[in-house]
>>> print(open('target22.cif').read())   # mmCIF, C-alpha atoms (C1' of nucleotides)
data_final
loop_
_atom_site.label_atom_id
_atom_site.label_comp_id
_atom_site.auth_asym_id
_atom_site.auth_seq_id
_atom_site.Cartn_x
_atom_site.Cartn_y
_atom_site.Cartn_z
CA MET A 1 -9.37 1.88 -21.09
CA ALA A 2 -13.13 1.73 -21.35
CA ASP A 3 -14.42 -1.76 -21.79
CA GLU A 4 -15.61 -1.76 -25.36
CA GLN A 5 -15.82 1.29 -27.56
CA LYS A 6 -12.85 3.51 -28.15
CA MET A 7 -12.26 6.68 -26.25
CA ASP A 8 -12.05 9.89 -28.19
CA ARG A 9 -9.03 12.12 -28.10
CA GLU A 10 -10.37 14.22 -25.24
CA GLY A 11 -10.95 11.19 -23.08
CA LEU A 12 -7.50 9.88 -23.83
CA GLU A 13 -6.05 13.23 -22.90
CA ARG A 14 -7.76 13.11 -19.54
CA VAL A 15 -6.41 9.66 -18.86
CA ALA A 16 -2.98 10.79 -20.00
CA ARG A 17 -3.19 13.69 -17.57
CA VAL A 18 -3.59 11.31 -14.65
CA PHE A 19 -0.67 9.12 -15.66
CA GLN A 20 1.29 12.29 -16.14
CA ALA A 21 0.69 13.18 -12.51
CA PHE A 22 2.38 9.93 -11.49
CA SER A 23 5.25 10.33 -13.90
CA ASP A 24 7.58 12.27 -11.65
CA ALA A 25 9.87 10.92 -8.96
CA THR A 26 9.15 13.75 -6.54
CA ARG A 27 5.43 13.14 -6.73
CA LEU A 28 5.92 9.41 -6.32
CA ALA A 29 8.05 10.11 -3.27
CA ILE A 30 5.18 12.12 -1.87
CA LEU A 31 2.79 9.25 -2.57
CA GLN A 32 5.13 6.92 -0.80
CA GLU A 33 5.02 9.10 2.29
CA LEU A 34 1.27 9.42 2.16
CA LYS A 35 1.04 5.66 2.19
CA SER A 36 1.81 5.72 5.91
CA GLY A 37 -1.04 8.11 6.53
CA PRO A 38 -2.17 11.71 6.15
CA CYS A 39 0.56 14.28 6.20
CA GLY A 40 0.91 18.04 6.35
CA VAL A 41 2.84 19.99 3.76
CA GLY A 42 5.64 20.93 6.10
CA THR A 43 6.25 17.34 7.09
CA LEU A 44 6.34 16.30 3.47
CA VAL A 45 8.88 19.02 2.73
CA GLU A 46 11.10 17.58 5.46
CA ARG A 47 10.70 13.98 4.38
CA VAL A 48 10.77 14.35 0.62
CA GLY A 49 13.16 17.25 0.34
CA GLY A 50 13.16 20.22 -2.01
CA SER A 51 11.65 23.64 -1.60
CA GLN A 52 8.36 24.18 0.16
CA GLY A 53 6.94 25.83 -2.91
CA ASN A 54 7.74 22.89 -5.10
CA ILE A 55 6.23 20.33 -2.77
CA SER A 56 3.10 22.42 -2.54
CA LYS A 57 2.87 22.55 -6.32
CA GLN A 58 3.37 18.82 -6.76
CA LEU A 59 0.71 18.19 -4.14
CA GLN A 60 -1.75 20.13 -6.23
CA VAL A 61 -0.91 18.07 -9.27
CA LEU A 62 -1.55 14.93 -7.25
CA ALA A 63 -4.77 16.27 -5.78
CA GLU A 64 -6.10 17.02 -9.24
CA THR A 65 -6.02 13.34 -10.10
CA GLY A 66 -8.73 12.66 -7.57
CA PHE A 67 -6.68 9.93 -5.94
CA ILE A 68 -5.29 12.26 -3.29
CA ARG A 69 -7.36 14.31 -0.90
CA ARG A 70 -6.67 17.80 0.40
CA GLU A 71 -8.02 18.80 3.77
CA LYS A 72 -7.53 22.08 5.51
CA LYS A 73 -7.33 22.03 9.29
CA GLY A 74 -6.89 25.43 10.78
CA ASN A 75 -3.49 26.67 9.97
CA GLN A 76 -2.30 23.75 7.97
CA VAL A 77 -3.26 21.48 5.11
CA PHE A 78 -3.24 17.72 5.24
CA TYR A 79 -2.97 15.52 2.24
CA SER A 80 -3.93 11.88 2.21
CA ILE A 81 -4.69 8.95 -0.06
CA ASP A 82 -8.28 9.16 -1.17
CA ASP A 83 -8.27 6.10 -3.40
CA PRO A 84 -5.78 3.34 -2.59
CA ARG A 85 -6.05 1.95 -6.10
CA VAL A 86 -3.28 4.36 -6.89
CA PHE A 87 -0.98 1.87 -5.18
CA GLU A 88 -2.37 -0.98 -7.21
CA MET A 89 -1.15 0.85 -10.27
CA CYS A 90 2.23 1.45 -8.72
CA ASN A 91 2.45 -2.20 -7.78
CA VAL A 92 1.82 -3.29 -11.33
CA VAL A 93 4.68 -1.12 -12.51
CA CYS A 94 6.95 -2.19 -9.68
CA SER A 95 6.37 -5.87 -10.25
CA LYS A 96 7.06 -5.39 -13.93
CA LEU A 97 10.33 -3.63 -13.19
CA LYS A 98 11.22 -6.33 -10.73
CA SER A 99 10.68 -9.14 -13.21
CA GLU A 100 12.69 -7.25 -15.80
CA ALA A 101 15.54 -6.87 -13.36
CA GLN A 102 15.44 -10.61 -12.72
CA GLU A 103 15.58 -11.37 -16.41
CA LYS A 104 18.55 -9.10 -16.80
CA ALA A 105 20.28 -10.86 -13.93
CA GLY A 106 19.59 -14.20 -15.59
CA PHE A 107 17.22 -15.47 -12.92
CA VAL A 108 15.01 -17.16 -15.43
CA PHE A 109 14.96 -20.91 -15.55
CA GLU A 110 13.31 -22.00 -18.71
CA ILE A 111 14.02 -25.08 -20.78
CA MET B 1 5.13 0.97 -4.67
CA ALA B 2 7.13 -1.77 -3.02
CA ASP B 3 5.32 -3.42 -0.20
CA GLU B 4 7.21 -2.19 2.83
CA GLN B 5 10.42 -0.23 2.69
CA LYS B 6 10.70 2.94 0.71
CA MET B 7 12.12 3.08 -2.76
CA ASP B 8 15.14 5.23 -3.38
CA ARG B 9 15.17 8.03 -5.84
CA GLU B 10 16.48 5.87 -8.64
CA GLY B 11 13.71 3.33 -8.21
CA LEU B 12 11.13 6.08 -8.14
CA GLU B 13 12.55 7.50 -11.31
CA ARG B 14 12.18 4.17 -13.06
CA VAL B 15 8.57 3.88 -11.99
CA ALA B 16 8.00 7.46 -13.07
CA ARG B 17 9.42 6.63 -16.47
CA VAL B 18 6.80 3.96 -17.00
CA PHE B 19 3.92 6.20 -16.02
CA GLN B 20 5.44 8.79 -18.27
CA ALA B 21 5.11 6.40 -21.19
CA PHE B 22 1.38 6.23 -20.58
CA SER B 23 0.99 9.95 -20.11
CA ASP B 24 0.39 10.89 -23.72
CA ALA B 25 -2.84 10.70 -25.67
CA THR B 26 -1.19 9.45 -28.83
CA ARG B 27 0.44 6.58 -27.02
CA LEU B 28 -2.81 5.72 -25.26
CA ALA B 29 -4.53 5.71 -28.64
CA ILE B 30 -1.95 3.21 -29.81
CA LEU B 31 -2.58 1.07 -26.74
CA GLN B 32 -6.26 1.19 -27.46
CA GLU B 33 -5.68 -0.16 -30.94
CA LEU B 34 -3.35 -2.86 -29.70
CA LYS B 35 -6.08 -4.03 -27.38
CA SER B 36 -7.81 -5.63 -30.36
CA GLY B 37 -4.67 -7.56 -31.22
CA PRO B 38 -1.21 -7.23 -32.70
CA CYS B 39 -0.77 -4.51 -35.24
CA GLY B 40 1.84 -3.34 -37.70
CA VAL B 41 3.21 0.16 -37.71
CA GLY B 42 1.54 1.14 -40.97
CA THR B 43 -1.86 0.09 -39.74
CA LEU B 44 -1.36 2.04 -36.55
CA VAL B 45 -0.41 5.11 -38.54
CA GLU B 46 -3.69 4.80 -40.44
CA ARG B 47 -5.81 4.22 -37.37
CA VAL B 48 -4.21 6.60 -34.92
CA GLY B 49 -3.18 9.35 -37.32
CA GLY B 50 -0.08 11.50 -37.38
CA SER B 51 3.17 10.99 -39.19
CA GLN B 52 4.74 7.58 -39.60
CA GLY B 53 7.87 8.76 -37.88
CA ASN B 54 5.98 9.90 -34.84
CA ILE B 55 4.02 6.69 -34.45
CA SER B 56 7.22 4.72 -34.72
CA LYS B 57 8.81 6.82 -32.01
CA GLN B 58 5.86 6.49 -29.67
CA LEU B 59 5.90 2.73 -30.20
CA GLN B 60 9.44 2.62 -28.99
CA VAL B 61 8.53 4.52 -25.89
CA LEU B 62 5.77 2.02 -25.22
CA ALA B 63 7.99 -0.96 -25.92
CA GLU B 64 10.54 0.29 -23.42
CA THR B 65 8.02 -0.09 -20.62
CA GLY B 66 8.05 -3.84 -21.05
CA PHE B 67 4.28 -3.95 -21.34
CA ILE B 68 4.34 -3.87 -25.13
CA ARG B 69 6.16 -6.32 -27.34
CA ARG B 70 7.93 -5.66 -30.62
CA GLU B 71 8.19 -8.42 -33.15
CA LYS B 72 9.76 -8.25 -36.55
CA LYS B 73 8.22 -10.36 -39.28
CA GLY B 74 9.94 -10.03 -42.59
CA ASN B 75 9.36 -6.63 -43.94
CA GLN B 76 7.28 -5.27 -41.17
CA VAL B 77 7.14 -4.91 -37.42
CA PHE B 78 4.25 -5.94 -35.26
CA TYR B 79 3.54 -4.54 -31.88
CA SER B 80 1.31 -6.21 -29.34
CA ILE B 81 0.33 -6.19 -25.69
CA ASP B 82 2.83 -8.20 -23.73
CA ASP B 83 1.31 -7.66 -20.29
CA PRO B 84 -2.42 -6.97 -20.12
CA ARG B 85 -2.08 -5.46 -16.68
CA VAL B 86 -1.46 -2.24 -18.55
CA PHE B 87 -5.21 -2.17 -19.09
CA GLU B 88 -5.88 -2.75 -15.44
CA MET B 89 -4.05 0.48 -14.78
CA CYS B 90 -5.99 2.27 -17.48
CA ASN B 91 -9.22 0.93 -16.05
CA VAL B 92 -8.44 2.29 -12.63
CA VAL B 93 -7.91 5.72 -14.10
CA CYS B 94 -10.96 5.48 -16.31
CA SER B 95 -13.24 4.43 -13.49
CA LYS B 96 -11.93 7.28 -11.38
CA LEU B 97 -12.62 9.76 -14.15
CA LYS B 98 -16.05 8.26 -14.62
CA SER B 99 -16.99 8.60 -10.98
CA GLU B 100 -15.72 12.16 -10.96
CA ALA B 101 -17.86 12.97 -13.95
CA GLN B 102 -20.86 11.55 -12.14
CA GLU B 103 -20.18 13.65 -9.10
CA LYS B 104 -19.95 16.73 -11.24
CA ALA B 105 -23.25 15.87 -12.86
CA GLY B 106 -24.82 15.54 -9.43
CA PHE B 107 -25.44 11.83 -9.63
CA VAL B 108 -24.59 11.29 -6.02
CA PHE B 109 -27.33 10.48 -3.58
CA GLU B 110 -26.09 11.01 -0.10
CA ILE B 111 -28.01 12.20 2.91
"C1'" DT C 1 21.51 -4.82 -58.51
"C1'" DT C 2 17.45 -1.79 -58.72
"C1'" DG C 3 13.18 -0.33 -57.10
"C1'" DA C 4 9.36 -0.46 -53.95
"C1'" DT C 5 7.64 -0.85 -49.41
"C1'" DA C 6 8.03 -0.70 -44.28
"C1'" DT C 7 10.13 1.09 -40.34
"C1'" DA C 8 13.50 3.79 -37.76
"C1'" DT C 9 16.22 7.90 -36.96
"C1'" DT C 10 17.70 12.64 -37.10
"C1'" DC C 11 16.85 17.43 -36.93
"C1'" DC C 12 14.26 21.27 -35.58
"C1'" DA C 13 10.65 24.33 -33.60
"C1'" DA C 14 6.97 24.83 -30.41
"C1'" DT C 15 5.38 23.86 -26.13
"C1'" DA C 16 5.43 21.89 -21.50
"C1'" DT C 17 7.67 20.68 -17.17
"C1'" DA C 18 10.40 20.86 -12.85
"C1'" DC C 19 12.54 23.59 -9.62
"C1'" DG C 20 14.27 27.32 -6.63
"C1'" DA C 21 13.77 32.00 -5.10
"C1'" DA C 22 10.92 35.41 -3.92
"C1'" DT C 23 6.50 36.93 -2.81
"C1'" DA C 24 1.60 36.53 -1.58
"C1'" DT C 25 -2.14 34.77 1.14
"C1'" DA C 26 -4.30 32.66 5.19
"C1'" DA C 27 -4.87 31.44 9.98
"C1'" DG C 28 -3.77 31.73 14.79
"C1'" DG C 29 -1.77 33.89 19.10
"C1'" DG C 30 -0.83 37.74 21.72
"C1'" DC D 1 -3.52 45.15 14.87
"C1'" DC D 2 1.10 42.92 14.59
"C1'" DC D 3 3.80 38.93 14.37
"C1'" DT D 4 4.56 34.20 13.45
"C1'" DT D 5 3.69 30.01 11.18
"C1'" DA D 6 1.86 27.34 7.24
"C1'" DT D 7 0.73 27.04 2.58
"C1'" DA D 8 0.10 28.79 -2.08
"C1'" DT D 9 1.43 31.47 -6.10
"C1'" DT D 10 4.33 33.90 -9.33
"C1'" DC D 11 8.45 34.37 -12.02
"C1'" DG D 12 12.47 33.00 -14.41
"C1'" DT D 13 15.44 29.39 -16.19
"C1'" DA D 14 17.07 24.97 -17.50
"C1'" DT D 15 15.58 20.91 -19.43
"C1'" DA D 16 12.30 17.62 -21.59
"C1'" DT D 17 8.73 16.42 -24.73
"C1'" DT D 18 5.86 16.36 -28.84
"C1'" DG D 19 5.42 16.06 -33.60
"C1'" DG D 20 6.40 16.98 -38.50
"C1'" DA D 21 9.68 16.84 -42.31
"C1'" DA D 22 13.39 14.84 -44.20
"C1'" DT D 23 16.52 11.20 -44.31
"C1'" DA D 24 18.39 6.63 -43.31
"C1'" DT D 25 17.97 1.69 -42.98
"C1'" DA D 26 16.05 -2.83 -43.90
"C1'" DT D 27 13.55 -6.23 -46.42
"C1'" DC D 28 11.48 -8.14 -50.27
"C1'" DA D 29 10.60 -8.83 -55.31
"C1'" DA D 30 11.98 -8.85 -59.85
#
>>> encode(input="target22.cif", output="structure tokens")
Amino acid sequence: MADEQKMDREGLERVARVFQAFSDATRLAILQELKSGPCGVGTLVERVGGSQGNISKQLQVLAETGFIRREKKGNQVFYSIDDPRVFEMCNVVCSKLKSEAQEKAGFVFEI
Amino acid sequence: MADEQKMDREGLERVARVFQAFSDATRLAILQELKSGPCGVGTLVERVGGSQGNISKQLQVLAETGFIRREKKGNQVFYSIDDPRVFEMCNVVCSKLKSEAQEKAGFVFEI
DNA sequence: TTGATATATTCCAATATACGAATATAAGGG
DNA sequence: CCCTTATATTCGTATATTGGAATATATCAA
């Protein structure tokens, strides 16, 4: 959130829109693949699974966040990570889930 | 995302669920209020707007992420930020939106 | 216990989302 | 131009989400 003053509803909605883009397992799976490097749509369809149309649609959603880049090269389109801070966000969530899992398993040693 | 190996679908779905919790303007407005400190439900209803029932529901969604804490004190319930990294994530998104806005406005000086 | 206050829950309607199937568009090779 | 390959778009359906209204539950005070 902005440092000091409060965002208005429209600003909040824009932020929400970005989180929304990362709120789907298929899109996160795509992100995970893109982590290894740029990737064409067809390759992503193979690796992530699902219909070609769907993967293409989810890629657009991701590209609209500004964190993922779309680049046309001749016949095909390559997507790639444009801003790696997207993984910082994922890491925060992952580490939170991890620590929760540990608590559930009783791996907490407090006095 | 986890550091090396790929997450399975179930893991991705859990991560997605957390992002999902932050993908709504009302819930982000609540977060924004909680940034100033713990807050009771009634106060949040006043400040954020909307029905009491809705605010209460959105608070549950937030609490389920593990980033927000729920604490009952006598008659009322206070919610507060349990893990401030939630704001790191928001800041990443906000700064991205900010830089996009600048680009749109032409505030980029490249040769 | 009764009443008042604070929060949670249920129910419902409107809207949004995810996905596959089918189709459209674009680019390259012959 | 025709055909093939690669990607995008449209359409329909099943499911999920949002939010208000009404109701339920809990706590305190008298």
>>> residues_around(input="target22.cif", residues="DT4 (chain D)", least_positions_apart="3", cutoff="12 Å", atoms="all atoms listed in the file", output="PyMOL selection string")
(chain A and resi 75) or (chain C and resi 27-30)
>>> calpha_fit_and_write(input="target22.cif", fixed="chain B", moving="chain A", output="JSON list (two decimals) with C-alpha atoms, in the coordinates of the input")
[["chain", "number", "residue", "atom", "x", "y", "z"],
["A", 1, "MET", "CA", 5.09, 0.95, -4.69],
["A", 2, "ALA", "CA", 7.10, -1.79, -3.06],
["A", 3, "ASP", "CA", 5.31, -3.41, -0.20],
["A", 4, "GLU", "CA", 7.25, -2.20, 2.79],
["A", 5, "GLN", "CA", 10.47, -0.26, 2.62],
["A", 6, "LYS", "CA", 10.77, 2.92, 0.65],
["A", 7, "MET", "CA", 12.17, 3.06, -2.82],
["A", 8, "ASP", "CA", 15.19, 5.20, -3.42],
["A", 9, "ARG", "CA", 15.22, 8.02, -5.90],
["A", 10, "GLU", "CA", 16.50, 5.84, -8.73],
["A", 11, "GLY", "CA", 13.73, 3.33, -8.26],
["A", 12, "LEU", "CA", 11.14, 6.07, -8.17],
["A", 13, "GLU", "CA", 12.57, 7.48, -11.36],
["A", 14, "ARG", "CA", 12.18, 4.15, -13.09],
["A", 15, "VAL", "CA", 8.59, 3.88, -12.00],
["A", 16, "ALA", "CA", 8.00, 7.46, -13.08],
["A", 17, "ARG", "CA", 9.44, 6.61, -16.48],
["A", 18, "VAL", "CA", 6.79, 3.95, -17.01],
["A", 19, "PHE", "CA", 3.91, 6.21, -16.02],
["A", 20, "GLN", "CA", 5.43, 8.81, -18.28],
["A", 21, "ALA", "CA", 5.12, 6.42, -21.20],
["A", 22, "PHE", "CA", 1.37, 6.26, -20.59],
["A", 23, "SER", "CA", 0.99, 9.98, -20.13],
["A", 24, "ASP", "CA", 0.39, 10.92, -23.74],
["A", 25, "ALA", "CA", -2.85, 10.71, -25.68],
["A", 26, "THR", "CA", -1.19, 9.46, -28.85],
["A", 27, "ARG", "CA", 0.43, 6.58, -27.02],
["A", 28, "LEU", "CA", -2.82, 5.75, -25.26],
["A", 29, "ALA", "CA", -4.54, 5.73, -28.62],
["A", 30, "ILE", "CA", -1.98, 3.23, -29.80],
["A", 31, "LEU", "CA", -2.61, 1.09, -26.73],
["A", 32, "GLN", "CA", -6.28, 1.22, -27.44],
["A", 33, "GLU", "CA", -5.69, -0.14, -30.92],
["A", 34, "LEU", "CA", -3.37, -2.84, -29.68],
["A", 35, "LYS", "CA", -6.12, -4.00, -27.37],
["A", 36, "SER", "CA", -7.84, -5.61, -30.35],
["A", 37, "GLY", "CA", -4.71, -7.53, -31.20],
["A", 38, "PRO", "CA", -1.22, -7.24, -32.68],
["A", 39, "CYS", "CA", -0.77, -4.53, -35.23],
["A", 40, "GLY", "CA", 1.84, -3.38, -37.71],
["A", 41, "VAL", "CA", 3.22, 0.13, -37.71],
["A", 42, "GLY", "CA", 1.57, 1.11, -40.95],
["A", 43, "THR", "CA", -1.84, 0.06, -39.73],
["A", 44, "LEU", "CA", -1.37, 2.02, -36.55],
["A", 45, "VAL", "CA", -0.41, 5.09, -38.55],
["A", 46, "GLU", "CA", -3.69, 4.79, -40.44],
["A", 47, "ARG", "CA", -5.81, 4.20, -37.37],
["A", 48, "VAL", "CA", -4.21, 6.58, -34.92],
["A", 49, "GLY", "CA", -3.19, 9.32, -37.31],
["A", 50, "GLY", "CA", -0.09, 11.48, -37.40],
["A", 51, "SER", "CA", 3.18, 10.97, -39.20],
["A", 52, "GLN", "CA", 4.73, 7.55, -39.61],
["A", 53, "GLY", "CA", 7.86, 8.72, -37.88],
["A", 54, "ASN", "CA", 5.99, 9.88, -34.84],
["A", 55, "ILE", "CA", 4.02, 6.68, -34.44],
["A", 56, "SER", "CA", 7.21, 4.70, -34.73],
["A", 57, "LYS", "CA", 8.81, 6.81, -32.02],
["A", 58, "GLN", "CA", 5.86, 6.49, -29.65],
["A", 59, "LEU", "CA", 5.87, 2.75, -30.20],
["A", 60, "GLN", "CA", 9.43, 2.62, -28.98],
["A", 61, "VAL", "CA", 8.52, 4.53, -25.87],
["A", 62, "LEU", "CA", 5.75, 2.03, -25.21],
["A", 63, "ALA", "CA", 7.97, -0.95, -25.92],
["A", 64, "GLU", "CA", 10.51, 0.29, -23.41],
["A", 65, "THR", "CA", 7.99, -0.08, -20.62],
["A", 66, "GLY", "CA", 8.02, -3.83, -21.06],
["A", 67, "PHE", "CA", 4.25, -3.94, -21.33],
["A", 68, "ILE", "CA", 4.30, -3.86, -25.12],
["A", 69, "ARG", "CA", 6.11, -6.33, -27.32],
["A", 70, "ARG", "CA", 7.92, -5.68, -30.58],
["A", 71, "GLU", "CA", 8.18, -8.45, -33.11],
["A", 72, "LYS", "CA", 9.78, -8.27, -36.50],
["A", 73, "LYS", "CA", 8.26, -10.38, -39.25],
["A", 74, "GLY", "CA", 10.06, -10.05, -42.51],
["A", 75, "ASN", "CA", 9.46, -6.66, -43.89],
["A", 76, "GLN", "CA", 7.33, -5.32, -41.13],
["A", 77, "VAL", "CA", 7.16, -4.93, -37.38],
["A", 78, "PHE", "CA", 4.25, -5.96, -35.23],
["A", 79, "TYR", "CA", 3.52, -4.54, -31.86],
["A", 80, "SER", "CA", 1.29, -6.19, -29.32],
["A", 81, "ILE", "CA", 0.30, -6.17, -25.67],
["A", 82, "ASP", "CA", 2.80, -8.19, -23.71],
["A", 83, "ASP", "CA", 1.28, -7.65, -20.29],
["A", 84, "PRO", "CA", -2.46, -6.94, -20.11],
["A", 85, "ARG", "CA", -2.09, -5.42, -16.67],
["A", 86, "VAL", "CA", -1.47, -2.22, -18.53],
["A", 87, "PHE", "CA", -5.23, -2.13, -19.10],
["A", 88, "GLU", "CA", -5.90, -2.71, -15.44],
["A", 89, "MET", "CA", -4.06, 0.51, -14.77],
["A", 90, "CYS", "CA", -6.00, 2.31, -17.45],
["A", 91, "ASN", "CA", -9.23, 0.98, -16.03],
["A", 92, "VAL", "CA", -8.43, 2.33, -12.60],
["A", 93, "VAL", "CA", -7.90, 5.77, -14.08],
["A", 94, "CYS", "CA", -10.96, 5.54, -16.28],
["A", 95, "SER", "CA", -13.23, 4.49, -13.46],
["A", 96, "LYS", "CA", -11.91, 7.33, -11.36],
["A", 97, "LEU", "CA", -12.61, 9.83, -14.11],
["A", 98, "LYS", "CA", -16.03, 8.35, -14.58],
["A", 99, "SER", "CA", -16.97, 8.69, -10.93],
["A", 100, "GLU", "CA", -15.68, 12.25, -10.92],
["A", 101, "ALA", "CA", -17.82, 13.07, -13.92],
["A", 102, "GLN", "CA", -20.84, 11.65, -12.11],
["A", 103, "GLU", "CA", -20.15, 13.75, -9.06],
["A", 104, "LYS", "CA", -19.89, 16.83, -11.20],
["A", 105, "ALA", "CA", -23.20, 15.99, -12.82],
["A", 106, "GLY", "CA", -24.76, 15.59, -9.39],
["A", 107, "PHE", "CA", -25.42, 11.87, -9.70],
["A", 108, "VAL", "CA", -24.59, 11.24, -6.10],
["A", 109, "PHE", "CA", -27.37, 10.31, -3.75],
["A", 110, "GLU", "CA", -26.16, 10.65, -0.24],
["A", 111, "ILE", "CA", -28.13, 11.63, 2.83]]
>>> residues_around(input="target22.cif", residues="Asn54 (chain A)", least_positions_apart="5", cutoff="12 Å", atoms="all atoms listed in the file", output="list in words")
Thr26, Arg27, Ile30, Val41, Gly42, Leu44, Val45, Val48, Gly49, Leu59, Gln60 and Val61 of chain A; DA18, DC19, DG20 and DA21 of chain C; DT7, DA8 and DT9 of chain D
>>> atom_distance(input="target22.cif", atom1="CA of Arg69 (chain A)", atom2="C1' of DA16 (chain C)")
25.4 Å
>>> interface_residues(input="target22.cif", of="chain A", to="chain B", cutoff="9 Å", atoms="all atoms listed in the file", output="PyMOL selection string")
chain A and resi 1-3+6-29+31-33+65-67+83+85-97+100
>>> resolve_selection(input="target22.cif", expression="the PyMOL selection byres ((chain D and resi 26) around 10)", output="PyMOL selection string")
(chain B and resi 74-76) or (chain C and resi 6-8) or (chain D and resi 24-25+27-28)
>>> atom_distance(input="target22.cif", atom1="CA of Ile81 (chain A)", atom2="CA of Ile68 (chain A)")
4.7 Å
>>> resolve_selection(input="target22.cif", expression="the PyMOL selection byres ((chain A and resi 80) around 7)", output="PDB file with C-alpha atoms, in the frame of the given file")
ATOM      1  CA  LEU A  34       1.270   9.420   2.160  1.00  0.00           C
ATOM      2  CA  GLY A  37      -1.040   8.110   6.530  1.00  0.00           C
ATOM      3  CA  PRO A  38      -2.170  11.710   6.150  1.00  0.00           C
ATOM      4  CA  CYS A  39       0.560  14.280   6.200  1.00  0.00           C
ATOM      5  CA  ILE A  68      -5.290  12.260  -3.290  1.00  0.00           C
ATOM      6  CA  ARG A  69      -7.360  14.310  -0.900  1.00  0.00           C
ATOM      7  CA  ARG A  70      -6.670  17.800   0.400  1.00  0.00           C
ATOM      8  CA  PHE A  78      -3.240  17.720   5.240  1.00  0.00           C
ATOM      9  CA  TYR A  79      -2.970  15.520   2.240  1.00  0.00           C
ATOM     10  CA  ILE A  81      -4.690   8.950  -0.060  1.00  0.00           C
ATOM     11  CA  ASP A  82      -8.280   9.160  -1.170  1.00  0.00           C
TER      12      ASP A  82
END
>>> atom_distance(input="target22.cif", atom1="C1' of DT25 (chain C)", atom2="C1' of DT10 (chain D)")
12.3 Å
>>> closest_residue(input="target22.cif", among="C:DT23, C:DT10, C:DT15, C:DT1", to="chain A", atoms="all atoms listed in the file")
C:DT23
>>> resolve_selection(input="target22.cif", expression="the PyMOL selection byres ((chain D and resi 17) around 10)", output="list in words")
DT15, DA16 and DT17 of chain C; DT15, DA16, DT18 and DG19 of chain D
